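The next block is my_file.pdb, given as PDB, C-alpha atoms, pLDDT in the B column.
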ATOM      1  CA  MET A  11    -160.458 -28.880  82.000  1.00 90.00           C
ATOM      2  CA  TYR A  12    -158.482 -26.044  83.602  1.00 93.00           C
ATOM      3  CA  ILE A  13    -156.584 -25.360  80.395  1.00 92.00           C
ATOM      4  CA  GLY A  14    -159.932 -25.060  78.596  1.00 94.00           C
ATOM      5  CA  ILE A  15    -161.149 -22.575  81.203  1.00 96.00           C
ATOM      6  CA  PHE A  16    -157.923 -20.628  80.760  1.00 96.00           C
ATOM      7  CA  LEU A  17    -158.314 -20.537  76.962  1.00 95.00           C
ATOM      8  CA  VAL A  18    -161.919 -19.337  77.307  1.00 96.00           C
ATOM      9  CA  SER A  19    -160.742 -16.671  79.748  1.00 97.00           C
ATOM     10  CA  VAL A  20    -158.105 -15.416  77.322  1.00 97.00           C
ATOM     11  CA  PHE A  21    -160.641 -15.361  74.484  1.00 97.00           C
ATOM     12  CA  ILE A  22    -163.105 -13.372  76.603  1.00 97.00           C
ATOM     13  CA  ALA A  23    -160.356 -10.864  77.478  1.00 97.00           C
ATOM     14  CA  SER A  24    -159.569 -10.521  73.769  1.00 96.00           C
ATOM     15  CA  ILE A  25    -163.215  -9.773  72.982  1.00 96.00           C
ATOM     16  CA  SER A  26    -163.136  -7.188  75.750  1.00 96.00           C
ATOM     17  CA  GLN A  27    -160.102  -5.479  74.224  1.00 96.00           C
ATOM     18  CA  VAL A  28    -161.804  -5.257  70.845  1.00 95.00           C
ATOM     19  CA  LEU A  29    -164.945  -3.792  72.439  1.00 94.00           C
ATOM     20  CA  LEU A  30    -162.911  -1.163  74.269  1.00 93.00           C
ATOM     21  CA  LYS A  31    -161.070  -0.217  71.085  1.00 93.00           C
ATOM     22  CA  LYS A  32    -164.366   0.029  69.204  1.00 92.00           C
ATOM     23  CA  SER A  33    -165.598   2.390  71.913  1.00 89.00           C
ATOM     24  CA  ALA A  34    -162.442   4.509  71.682  1.00 85.00           C
ATOM     25  CA  MET A  35    -163.007   4.942  67.940  1.00 87.00           C
ATOM     26  CA  LYS A  36    -166.390   6.639  68.479  1.00 83.00           C
ATOM     27  CA  GLN A  37    -167.263  10.218  69.396  1.00 84.00           C
ATOM     28  CA  TYR A  38    -169.907  10.766  72.057  1.00 80.00           C
ATOM     29  CA  ASP A  39    -172.050  13.867  72.463  1.00 79.00           C
ATOM     30  CA  TYR A  40    -172.632  13.671  76.196  1.00 78.00           C
ATOM     31  CA  LYS A  41    -170.094  14.437  78.920  1.00 77.00           C
ATOM     32  CA  PHE A  42    -169.338  10.940  80.183  1.00 79.00           C
ATOM     33  CA  GLY A  43    -170.012   9.167  76.897  1.00 75.00           C
ATOM     34  CA  ASP A  44    -166.456   7.886  76.708  1.00 74.00           C
ATOM     35  CA  TYR A  45    -166.952   6.058  80.005  1.00 79.00           C
ATOM     36  CA  LEU A  46    -170.640   5.189  80.158  1.00 85.00           C
ATOM     37  CA  ASN A  47    -171.551   3.455  76.930  1.00 88.00           C
ATOM     38  CA  PRO A  48    -172.461  -0.149  76.162  1.00 90.00           C
ATOM     39  CA  TYR A  49    -169.057  -1.025  74.695  1.00 91.00           C
ATOM     40  CA  VAL A  50    -167.131   0.149  77.754  1.00 93.00           C
ATOM     41  CA  ILE A  51    -169.544  -1.350  80.257  1.00 94.00           C
ATOM     42  CA  CYS A  52    -169.560  -4.719  78.471  1.00 95.00           C
ATOM     43  CA  GLY A  53    -165.796  -4.559  77.911  1.00 95.00           C
ATOM     44  CA  TYR A  54    -164.993  -4.059  81.572  1.00 96.00           C
ATOM     45  CA  GLY A  55    -167.607  -6.602  82.583  1.00 96.00           C
ATOM     46  CA  LEU A  56    -165.942  -9.154  80.323  1.00 97.00           C
ATOM     47  CA  LEU A  57    -162.530  -8.251  81.746  1.00 96.00           C
ATOM     48  CA  PHE A  58    -163.870  -8.931  85.246  1.00 97.00           C
ATOM     49  CA  LEU A  59    -165.275 -12.270  84.094  1.00 97.00           C
ATOM     50  CA  SER A  60    -161.962 -13.109  82.441  1.00 97.00           C
ATOM     51  CA  MET A  61    -160.061 -12.292  85.628  1.00 96.00           C
ATOM     52  CA  PHE A  62    -162.362 -14.545  87.640  1.00 96.00           C
ATOM     53  CA  LEU A  63    -161.955 -17.405  85.153  1.00 97.00           C
ATOM     54  CA  THR A  64    -158.172 -16.977  85.091  1.00 96.00           C
ATOM     55  CA  ILE A  65    -158.010 -17.227  88.879  1.00 96.00           C
ATOM     56  CA  LEU A  66    -160.171 -20.349  88.698  1.00 96.00           C
ATOM     57  CA  ALA A  67    -157.995 -21.845  85.942  1.00 96.00           C
ATOM     58  CA  TYR A  68    -154.784 -21.328  87.898  1.00 95.00           C
ATOM     59  CA  ARG A  69    -156.054 -23.891  90.395  1.00 95.00           C
ATOM     60  CA  GLY A  70    -155.168 -26.603  87.893  1.00 94.00           C
ATOM     61  CA  VAL A  71    -152.646 -24.951  85.565  1.00 93.00           C
ATOM     62  CA  ASP A  72    -148.954 -24.626  86.415  1.00 90.00           C
ATOM     63  CA  LEU A  73    -147.608 -21.094  86.738  1.00 89.00           C
ATOM     64  CA  LYS A  74    -145.115 -21.937  84.001  1.00 86.00           C
ATOM     65  CA  THR A  75    -147.934 -22.806  81.567  1.00 87.00           C
ATOM     66  CA  GLY A  76    -149.958 -19.636  82.179  1.00 90.00           C
ATOM     67  CA  PRO A  77    -147.901 -17.258  80.003  1.00 87.00           C
ATOM     68  CA  VAL A  78    -147.969 -19.761  77.143  1.00 86.00           C
ATOM     69  CA  ILE A  79    -151.762 -19.819  77.210  1.00 90.00           C
ATOM     70  CA  GLU A  80    -151.892 -16.017  77.634  1.00 90.00           C
ATOM     71  CA  ALA A  81    -149.820 -15.630  74.451  1.00 88.00           C
ATOM     72  CA  THR A  82    -152.770 -16.935  72.440  1.00 88.00           C
ATOM     73  CA  SER A  83    -154.461 -13.600  73.147  1.00 92.00           C
ATOM     74  CA  TYR A  84    -152.232 -11.921  70.549  1.00 91.00           C
ATOM     75  CA  VAL A  85    -153.629 -14.219  67.879  1.00 91.00           C
ATOM     76  CA  TYR A  86    -157.217 -13.808  69.108  1.00 94.00           C
ATOM     77  CA  VAL A  87    -156.993 -10.001  69.143  1.00 94.00           C
ATOM     78  CA  ALA A  88    -155.482  -9.895  65.652  1.00 93.00           C
ATOM     79  CA  VAL A  89    -158.210 -12.115  64.216  1.00 93.00           C
ATOM     80  CA  LEU A  90    -161.046 -10.368  66.064  1.00 94.00           C
ATOM     81  CA  SER A  91    -159.707  -6.960  64.991  1.00 94.00           C
ATOM     82  CA  ALA A  92    -159.644  -8.118  61.395  1.00 93.00           C
ATOM     83  CA  VAL A  93    -163.234  -9.359  61.606  1.00 93.00           C
ATOM     84  CA  PHE A  94    -164.885  -6.614  63.657  1.00 92.00           C
ATOM     85  CA  LEU A  95    -162.660  -3.565  63.115  1.00 91.00           C
ATOM     86  CA  ASN A  96    -161.684  -4.262  59.488  1.00 92.00           C
ATOM     87  CA  GLU A  97    -157.985  -4.161  60.332  1.00 92.00           C
ATOM     88  CA  LYS A  98    -155.641  -5.885  57.932  1.00 93.00           C
ATOM     89  CA  ILE A  99    -153.478  -8.788  59.025  1.00 91.00           C
ATOM     90  CA  THR A 100    -150.347  -7.911  57.127  1.00 93.00           C
ATOM     91  CA  LYS A 101    -147.309 -10.047  56.527  1.00 94.00           C
ATOM     92  CA  LYS A 102    -145.438  -8.054  59.205  1.00 94.00           C
ATOM     93  CA  LYS A 103    -148.190  -8.690  61.761  1.00 93.00           C
ATOM     94  CA  THR A 104    -148.187 -12.385  60.960  1.00 93.00           C
ATOM     95  CA  ILE A 105    -144.417 -12.614  61.377  1.00 95.00           C
ATOM     96  CA  GLY A 106    -144.643 -10.619  64.620  1.00 93.00           C
ATOM     97  CA  LEU A 107    -147.321 -12.929  65.991  1.00 90.00           C
ATOM     98  CA  LEU A 108    -145.240 -15.972  65.118  1.00 91.00           C
ATOM     99  CA  VAL A 109    -142.164 -14.490  66.794  1.00 93.00           C
ATOM    100  CA  ILE A 110    -144.147 -13.741  69.968  1.00 88.00           C
ATOM    101  CA  VAL A 111    -145.692 -17.186  70.164  1.00 84.00           C
ATOM    102  CA  ILE A 112    -142.406 -18.970  69.384  1.00 89.00           C
ATOM    103  CA  GLY A 113    -140.572 -16.781  71.917  1.00 87.00           C
ATOM    104  CA  VAL A 114    -143.032 -17.622  74.671  1.00 82.00           C
ATOM    105  CA  LEU A 115    -142.881 -21.318  73.837  1.00 80.00           C
ATOM    106  CA  VAL A 116    -139.073 -21.371  73.781  1.00 86.00           C
ATOM    107  CA  SER A 117    -138.804 -19.437  77.047  1.00 79.00           C
ATOM    108  CA  ASN A 118    -140.980 -22.032  78.759  1.00 74.00           C
ATOM    109  CA  LEU A 119    -138.997 -25.100  77.731  1.00 74.00           C
TER     110      LEU A 119
END
Could I get this file's structure written as structure tokens?
Amino acid sequence: MYIGIFLVSVFIASISQVLLKKSAMKQYDYKFGDYLNPYVICGYGLLFLSMFLTILAYRGVDLKTGPVIEATSYVYVAVLSAVFLNEKITKKKTIGLLVIVIGVLVSNL
């Protein structure tokens, strides 16, 4: 159950990162538009929710397992960026993602 909460938390944080990047790609006409727009407000709200869920998940997840679960965020962000920001998942990105995930797994053996 706690691992599931952790995975949901990481996914929510990944959505938040994509929202914040989408906001950074826009130009706003008003003075504080970069800071007070729906993407930023939702993005930081989701980050807060993710932090809360991560703290909750660490009640039942070993500290050694946490970074392994966190590494899934790289995959989530790449896929979400491809879907919502039309970024390409190139062969180099795929190899990089594999190296990161394998490195985290090996370091936690």
Exactly which residues make up the result of the PyMOL selection byres ((chain A and resi 56) around 8) on this file, given as number ranges by chain? A: 22-23, 25-26, 52-55, 57-60
Can you work out the spacing between CA of Gln27 (chain A) and CA of Leu119 (chain A) in Å, to one decimal? 29.0 Å
Suppose you want the space between CA of Phe62 (chain A) and CA of Val114 (chain A); what is it in Å?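 Separation of CA of Phe62 (chain A) and CA of Val114 (chain A): 23.5 Å.
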Selection under test: the PyMOL selection byres ((chain A and resi 82) around 12); residues as a ChimeraX atom specification: /A:16-24,75-81,83-89,107-108,110-112,114-115
May I ask which of the residues A:Val93, A:Val116, A:Leu30, A:Leu73 is the closest one to Ile51 (chain A), counting only C-alpha atoms? A:Leu30
One-decimal distance in Å that lies between CA of Ser33 (chain A) and CA of Tyr49 (chain A): 5.6 Å
Proximity check region 29-107 of chain A to region 12-15 of chain A, 9 Å, nearest pairs one decimal Å, only C-alpha atoms, as JSON lines:
{"residue": "A:Leu63", "atom": "CA", "partner": "A:Ile15", "partner_atom": "CA", "distance": 6.6}
{"residue": "A:Thr64", "atom": "CA", "partner": "A:Ile15", "partner_atom": "CA", "distance": 7.4}
{"residue": "A:Leu66", "atom": "CA", "partner": "A:Tyr12", "partner_atom": "CA", "distance": 7.8}
{"residue": "A:Ala67", "atom": "CA", "partner": "A:Tyr12", "partner_atom": "CA", "distance": 4.8}
{"residue": "A:Tyr68", "atom": "CA", "partner": "A:Tyr12", "partner_atom": "CA", "distance": 7.4}
{"residue": "A:Arg69", "atom": "CA", "partner": "A:Tyr12", "partner_atom": "CA", "distance": 7.5}
{"residue": "A:Gly70", "atom": "CA", "partner": "A:Tyr12", "partner_atom": "CA", "distance": 5.5}
{"residue": "A:Val71", "atom": "CA", "partner": "A:Tyr12", "partner_atom": "CA", "distance": 6.3}
{"residue": "A:Gly76", "atom": "CA", "partner": "A:Ile13", "partner_atom": "CA", "distance": 8.9}
{"residue": "A:Ile79", "atom": "CA", "partner": "A:Ile13", "partner_atom": "CA", "distance": 8.0}
Six-sided padding of 5 Å per side, axis-aligned box over region 15-24 of chain A, centre and edges in Å, one decimal, as AutoDock Vina command-line options:
--center_x -160.5 --center_y -16.5 --center_z 77.5 --size_x 15.2 --size_y 22.1 --size_z 17.4
